[in-house]
Each structure stands twice: as C-alpha cells, then as structure tokens.
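Scroll down for the structure; my scribbles are underneath it.
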Amino acid sequence: VLANRTLGDLASIGKVSQFEVSNTFTQINYKNNPVNLTPLAYGDVFKWLKNTSAGLPGYIVVDMVTQKAELVMLEEGKYQGEIIIPDEVKYKSDMLKVMVIGADAFKDCDKLERVAIGDNITVIGGNAFENSSISDIEIKKTIQVIGADAFRNCDSLSIASFPKCNEIRAEAFYGCTRLEKFYLLGGSLTRLSDANAFRFTPFSDSSYLGYFGSIYVRVSLLSQYQSATNWTLYSSR
C-alpha cells in the first residue's frame, strides 16, 4: 500500500500512468535498517513498448521500521550506487535462479559504484559493465565466462577478484586504467581468448600509465600462466 501511494510521485514527471508497483519485494539491510525494495513495472504491454527504450525510471524503498516509502529515481533510467544481484527471483509462484548478467545490462551507468553478484551467476555478458563507474566487484562463485568488452573502459575499477573463472573473452578489461589488482584464485588455468583483454591497463601499458599492476594466481599454476596462449604478454605481472 505504501509503495503504491508513493508511486504517485511519478505524477511530477508525467509518467504515473505508465508504470505500476511490482508484486515482487526483496528485503535487505540498508544502513543497518531492514527495508523492502520493489521495482516498478510497465503498466501493460503497450506501455512497455512505449517506454522500454528509456528503461524503468526508478524503484521504491519501504523502511520496515518507520513504514515510510521513498521513490528513488534513476538518472535516465540508469542503475546507480550499489547493486545486489540476488541468487533467485520470484516469477509468479516459481523461484528462478539468476544465472546470467545479460549483454549491456549496466552499460554506460556512470553512477554505478559497486555490484555484489549472486551465487548462481555463471556468465557476465558482453559489454555488461562497459563505460560504467564501478570501482570493485564481488564474486562469490565460479564464473564460466566473462564476455567480450564486459568491463571495457571501466576506469574506476581498481580491484577484481574471481574465486574461479573458466574464460575471459576479447578485450574484457580493455581500458581499465586503474585496475591494479586482479585475482584469479581457481585451481585451474583460466583461458584468455584474446591478448588484448587487458590492453590499456597497468598490466600491459605500465610505462604509458606511469604505474604498475599485478595479476595474482596460485603458485602451483604460475608457470602454466606464464607460458599459456595470450597470457605470456602479462607474464611479468
């Protein structure tokens, strides 16, 4: 009820008739307070067709202590701040695993700061975070594939850590000029499908950028990485 009342705030931007409050709520702790988050949803298929190119304009936060609801507007429909990608989402009466971050999902989100990825994510799609302002990313489980250009030009990204990653595709971290620490902690070699995956980062262009970066792998795999296809370019890192 509170969320539906708060939706009236959209009247100020002339969009109240285009959206409704989703029936799906997610409870999280935010600043040590329990809150419910609910996304907005398109009013119907025709309103989806009219508005989908611009994206949803915001979401609603309900403070469970004060019972106050707040409509959080997103700049031009973009995600911002900290994003938590859940393990599962409810669709009708079913709980579905969230396994893929789709292509272009957070592309150009220039106020996105941090993403916590759910345990079931196995694929980060192509260009998923390209040109975003993400500074670090928390990965909990095995990632099968980091897609081409997934983090391209994320020039605020300084640390990336993967418990296990099977493949990094073309130019995945191209232009991440502040990426100084990169951890691959799995017990097997990560396939690097393109030598330019780390082009214009402190791993490949240290003299140009003026500082150096380090890639961390298990000691038992060090010699394999130093001689593996495309990894040899970064063998001194």
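Please note that chains go A, B, ... in the order of the structure tokens, that every chain numbers its residues from 1, and that ligands are numbered from 1 in the order shown.
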Open item on the list: Report as a PyMOL selection string all protein, DNA and RNA residues lying within 12 Å of A:Lys107, evaluated on only C-alpha atoms, omitting residues in the same chain fewer than 4 positions from it.
Closed with: chain A and resi 77-80+101-103+111-112+125-134+149-154
Residues from the last selection, C-alpha atoms, saved as a PDB file, in the first residue's frame:
```
ATOM      1  CA  GLY A  77      16.676   5.035 -16.221  1.00  0.00           C
ATOM      2  CA  LYS A  78      20.229   4.024 -15.278  1.00  0.00           C
ATOM      3  CA  TYR A  79      21.292   1.993 -12.273  1.00  0.00           C
ATOM      4  CA  GLN A  80      23.387   3.808  -9.680  1.00  0.00           C
ATOM      5  CA  ILE A 101      24.129 -10.883 -16.357  1.00  0.00           C
ATOM      6  CA  GLY A 102      22.926 -10.009 -19.825  1.00  0.00           C
ATOM      7  CA  ALA A 103      24.775  -8.121 -22.521  1.00  0.00           C
ATOM      8  CA  LYS A 111      26.952   6.431 -11.268  1.00  0.00           C
ATOM      9  CA  LEU A 112      27.160   2.727 -10.578  1.00  0.00           C
ATOM     10  CA  GLY A 125      27.594 -10.946 -20.769  1.00  0.00           C
ATOM     11  CA  GLY A 126      29.369  -8.907 -23.399  1.00  0.00           C
ATOM     12  CA  ASN A 127      29.588  -5.162 -22.642  1.00  0.00           C
ATOM     13  CA  ALA A 128      27.699  -5.804 -19.397  1.00  0.00           C
ATOM     14  CA  PHE A 129      29.513  -3.044 -17.461  1.00  0.00           C
ATOM     15  CA  GLU A 130      31.160  -1.135 -20.297  1.00  0.00           C
ATOM     16  CA  ASN A 131      31.763   2.561 -19.519  1.00  0.00           C
ATOM     17  CA  SER A 132      30.285   2.218 -16.032  1.00  0.00           C
ATOM     18  CA  SER A 133      31.865   3.792 -12.951  1.00  0.00           C
ATOM     19  CA  ILE A 134      32.054   0.549 -10.973  1.00  0.00           C
ATOM     20  CA  ASP A 149      34.170  -5.964 -23.561  1.00  0.00           C
ATOM     21  CA  ALA A 150      32.361  -6.827 -20.320  1.00  0.00           C
ATOM     22  CA  PHE A 151      34.290  -4.219 -18.296  1.00  0.00           C
ATOM     23  CA  ARG A 152      35.656  -2.152 -21.156  1.00  0.00           C
ATOM     24  CA  ASN A 153      36.672   1.381 -20.164  1.00  0.00           C
ATOM     25  CA  CYS A 154      35.662   0.963 -16.523  1.00  0.00           C
TER      26      CYS A 154
END
```
Open item on the list: I'd like to know which residues of stretch 154-202 of chain A are strand (DSSP E) (by DSSP, run on the backbone); could you write them as a list of chain:residue names?
Closed with: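 Residues of stretch 154-202 of chain A classed as strand (DSSP E): A:Ile159, A:Ala160, A:Ser161, A:Phe162, A:Lys164, A:Cys165, A:Asn166, A:Glu167, A:Ile168, A:Lys181, A:Phe182, A:Tyr183, A:Leu184, A:Arg191, A:Leu192.
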Written selection (all heavy atoms) as a short mmCIF file (atom, residue, chain, number, x, y, z; two decimals), in the first residue's frame:
```
data_model
loop_
_atom_site.label_atom_id
_atom_site.label_comp_id
_atom_site.auth_asym_id
_atom_site.auth_seq_id
_atom_site.Cartn_x
_atom_site.Cartn_y
_atom_site.Cartn_z
N ILE A 159 40.06 -3.08 -8.36
CA ILE A 159 40.27 -4.44 -7.89
C ILE A 159 39.20 -5.35 -8.47
O ILE A 159 38.01 -5.01 -8.48
CB ILE A 159 40.22 -4.52 -6.36
CG1 ILE A 159 41.30 -3.65 -5.72
CG2 ILE A 159 40.38 -5.97 -5.88
CD1 ILE A 159 41.23 -3.61 -4.21
N ALA A 160 39.63 -6.52 -8.96
CA ALA A 160 38.69 -7.54 -9.43
C ALA A 160 39.18 -8.89 -8.92
O ALA A 160 40.36 -9.21 -9.05
CB ALA A 160 38.59 -7.54 -10.95
N SER A 161 38.28 -9.66 -8.34
CA SER A 161 38.66 -10.95 -7.76
C SER A 161 37.65 -12.01 -8.14
O SER A 161 36.44 -11.81 -8.02
CB SER A 161 38.74 -10.83 -6.24
OG SER A 161 39.10 -12.06 -5.66
N PHE A 162 38.17 -13.14 -8.63
CA PHE A 162 37.33 -14.24 -9.06
C PHE A 162 37.79 -15.54 -8.40
O PHE A 162 38.92 -15.98 -8.65
CB PHE A 162 37.38 -14.38 -10.59
CG PHE A 162 36.93 -13.15 -11.32
CD1 PHE A 162 37.85 -12.16 -11.66
CD2 PHE A 162 35.61 -12.95 -11.64
CE1 PHE A 162 37.45 -11.00 -12.31
CE2 PHE A 162 35.19 -11.80 -12.29
CZ PHE A 162 36.11 -10.83 -12.64
N LYS A 164 36.96 -18.45 -9.12
CA LYS A 164 37.29 -19.29 -10.26
C LYS A 164 36.63 -18.71 -11.50
O LYS A 164 35.47 -18.30 -11.47
CB LYS A 164 36.82 -20.74 -10.05
CG LYS A 164 37.23 -21.66 -11.19
CD LYS A 164 36.80 -23.10 -10.94
CE LYS A 164 37.24 -23.99 -12.11
NZ LYS A 164 36.81 -25.40 -11.92
N CYS A 165 37.37 -18.67 -12.58
CA CYS A 165 36.85 -18.18 -13.86
C CYS A 165 37.40 -19.07 -14.97
O CYS A 165 38.62 -19.28 -15.04
CB CYS A 165 37.25 -16.73 -14.07
SG CYS A 165 36.72 -16.05 -15.66
N ASN A 166 36.53 -19.58 -15.81
CA ASN A 166 36.98 -20.50 -16.86
C ASN A 166 37.49 -19.80 -18.11
O ASN A 166 38.41 -20.29 -18.76
CB ASN A 166 35.85 -21.46 -17.23
CG ASN A 166 35.52 -22.42 -16.10
OD1 ASN A 166 36.31 -22.60 -15.18
ND2 ASN A 166 34.35 -23.03 -16.16
N GLU A 167 36.90 -18.64 -18.46
CA GLU A 167 37.30 -17.98 -19.71
C GLU A 167 37.08 -16.48 -19.63
O GLU A 167 36.04 -16.01 -19.15
CB GLU A 167 36.51 -18.55 -20.89
CG GLU A 167 36.90 -17.93 -22.24
CD GLU A 167 36.09 -18.46 -23.41
OE1 GLU A 167 35.19 -19.31 -23.18
OE2 GLU A 167 36.34 -18.04 -24.54
N ILE A 168 38.07 -15.74 -20.12
CA ILE A 168 37.96 -14.29 -20.27
C ILE A 168 38.05 -13.99 -21.76
O ILE A 168 39.02 -14.35 -22.42
CB ILE A 168 39.09 -13.56 -19.52
CG1 ILE A 168 39.02 -13.86 -18.02
CG2 ILE A 168 39.00 -12.05 -19.76
CD1 ILE A 168 40.18 -13.30 -17.23
N LYS A 181 44.96 -4.52 -9.25
CA LYS A 181 44.99 -5.84 -8.63
C LYS A 181 43.92 -6.72 -9.25
O LYS A 181 42.74 -6.37 -9.26
CB LYS A 181 44.78 -5.72 -7.12
CG LYS A 181 45.91 -4.99 -6.40
CD LYS A 181 45.69 -4.96 -4.90
CE LYS A 181 46.84 -4.25 -4.20
NZ LYS A 181 46.64 -4.21 -2.73
N PHE A 182 44.37 -7.88 -9.74
CA PHE A 182 43.46 -8.81 -10.41
C PHE A 182 43.74 -10.21 -9.87
O PHE A 182 44.86 -10.72 -9.99
CB PHE A 182 43.69 -8.75 -11.92
CG PHE A 182 42.63 -9.44 -12.72
CD1 PHE A 182 41.47 -8.78 -13.08
CD2 PHE A 182 42.79 -10.77 -13.11
CE1 PHE A 182 40.48 -9.42 -13.82
CE2 PHE A 182 41.81 -11.41 -13.86
CZ PHE A 182 40.65 -10.74 -14.21
N TYR A 183 42.74 -10.84 -9.27
CA TYR A 183 42.92 -12.12 -8.61
C TYR A 183 42.16 -13.22 -9.36
O TYR A 183 40.94 -13.11 -9.59
CB TYR A 183 42.40 -12.06 -7.18
CG TYR A 183 43.15 -11.11 -6.28
CD1 TYR A 183 42.79 -9.76 -6.22
CD2 TYR A 183 44.20 -11.55 -5.49
CE1 TYR A 183 43.47 -8.88 -5.39
CE2 TYR A 183 44.89 -10.67 -4.65
CZ TYR A 183 44.51 -9.34 -4.61
OH TYR A 183 45.19 -8.45 -3.79
N LEU A 184 42.89 -14.28 -9.73
CA LEU A 184 42.31 -15.50 -10.28
C LEU A 184 42.68 -16.62 -9.33
O LEU A 184 43.80 -17.12 -9.34
CB LEU A 184 42.83 -15.77 -11.69
CG LEU A 184 42.36 -14.80 -12.78
CD1 LEU A 184 43.12 -15.04 -14.07
CD2 LEU A 184 40.85 -14.94 -13.02
N ARG A 191 41.24 -19.60 -19.31
CA ARG A 191 41.53 -19.39 -20.73
C ARG A 191 41.37 -17.91 -21.08
O ARG A 191 40.35 -17.30 -20.77
CB ARG A 191 40.58 -20.23 -21.59
CG ARG A 191 40.82 -20.06 -23.10
CD ARG A 191 39.94 -21.03 -23.89
NE ARG A 191 40.13 -20.86 -25.31
CZ ARG A 191 39.37 -20.08 -26.08
NH1 ARG A 191 38.35 -19.43 -25.55
NH2 ARG A 191 39.60 -19.96 -27.38
N LEU A 192 42.40 -17.36 -21.70
CA LEU A 192 42.36 -15.97 -22.16
C LEU A 192 42.26 -16.01 -23.68
O LEU A 192 43.21 -16.33 -24.38
CB LEU A 192 43.64 -15.24 -21.72
CG LEU A 192 43.65 -13.71 -21.86
CD1 LEU A 192 42.60 -13.08 -20.96
CD2 LEU A 192 45.03 -13.16 -21.52
#
```
Pick out each residue of stretch 101-217 of chain A that DSSP on the backbone tags as helix (DSSP H, G or I); I need them as a CSV table (one decimal) with C-alpha atoms, in the first residue's frame.
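That gives us selection.csv:
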```
chain,number,residue,atom,x,y,z
A,206,SER,CA,52.5,0.4,-17.3
A,207,SER,CA,55.1,2.7,-18.8
A,208,TYR,CA,52.3,4.6,-20.6
A,209,LEU,CA,50.1,4.9,-17.5
```
Open item on the list: So that I can see what lies close to A:Arg178, please list as a list in words the residues with an atom at most 10 Å from it, counting only C-alpha atoms and leaving out residues fewer than 6 positions away in the same chain.
Closed with: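 The filter keeps Ser135, Asn153, Cys154, Asp155, Ser156, Leu157, Ser158, Ile159, Phe200, Thr201, Pro202, Phe203, Leu209, Tyr211, Phe212 and Gly213 of chain A.
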Task: Selected residue of minimal separation from A:Ser223 among A:Ala197, A:Val115, A:Leu189, A:Ile124, counting only C-alpha atoms - done: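 Residue with the minimum atom-to-atom distance to A:Ser223: A:Leu189.
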Task: A:Ser236 surroundings by only C-alpha atoms, 10 Å radius, close-in-sequence under 4 positions cut, as a VMD selection string - done: chain A and resid 203 to 204 214 to 215 226 231 to 232
Convert the current residue selection to file output with N, CA and C atoms, as a PDB file, in the first residue's frame.
```pdb
ATOM      1  N   PHE A 203      48.598  -3.563 -16.404  1.00  0.00           N
ATOM      2  CA  PHE A 203      49.272  -4.833 -16.665  1.00  0.00           C
ATOM      3  C   PHE A 203      50.015  -4.824 -17.997  1.00  0.00           C
ATOM      4  N   SER A 204      49.488  -4.094 -18.958  1.00  0.00           N
ATOM      5  CA  SER A 204      50.085  -4.130 -20.298  1.00  0.00           C
ATOM      6  C   SER A 204      50.719  -2.813 -20.709  1.00  0.00           C
ATOM      7  N   SER A 214      49.277  -5.813 -10.770  1.00  0.00           N
ATOM      8  CA  SER A 214      49.669  -7.192 -10.508  1.00  0.00           C
ATOM      9  C   SER A 214      48.500  -8.142 -10.722  1.00  0.00           C
ATOM     10  N   ILE A 215      48.808  -9.278 -11.342  1.00  0.00           N
ATOM     11  CA  ILE A 215      47.841 -10.350 -11.512  1.00  0.00           C
ATOM     12  C   ILE A 215      48.243 -11.474 -10.563  1.00  0.00           C
ATOM     13  N   GLN A 226      52.358 -18.330 -17.212  1.00  0.00           N
ATOM     14  CA  GLN A 226      53.443 -17.613 -17.873  1.00  0.00           C
ATOM     15  C   GLN A 226      53.713 -18.127 -19.281  1.00  0.00           C
ATOM     16  N   TRP A 231      48.460 -15.267 -22.331  1.00  0.00           N
ATOM     17  CA  TRP A 231      48.884 -14.854 -21.004  1.00  0.00           C
ATOM     18  C   TRP A 231      50.356 -14.439 -20.992  1.00  0.00           C
ATOM     19  N   THR A 232      51.136 -14.889 -21.969  1.00  0.00           N
ATOM     20  CA  THR A 232      52.558 -14.597 -21.963  1.00  0.00           C
ATOM     21  C   THR A 232      52.842 -13.084 -21.979  1.00  0.00           C
TER      22      THR A 232
END
```
TODO: Find the spatial neighbours of A:Arg114, counting only C-alpha atoms, within a cut-off of 8 Å - ignore same-chain residues fewer than 5 positions away - and output them as a PyMOL selection string.
DONE: chain A and resi 81-83+134-137
Open item on the list: Could you check the closest approach to A:Pro34 for each of A:Ile139, A:Val65, A:Ile60, A:Ala105 and tell me which residue wins, using only C-alpha atoms?
Closed with: A:Val65
Open item on the list: Show me, as a PyMOL selection string, the residues that have an atom within 9 Å of A:Lys141 when counting only C-alpha atoms, minus same-chain residues fewer than 6 positions from it.
Closed with: chain A and resi 117-122+162-165
Open item on the list: Counting only C-alpha atoms, which residue out of A:Leu96, A:Val61, A:Leu179, A:Ala116 sits closest to A:Arg199?
Closed with: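 So, comparing all the options, the nearest one is A:Leu179.
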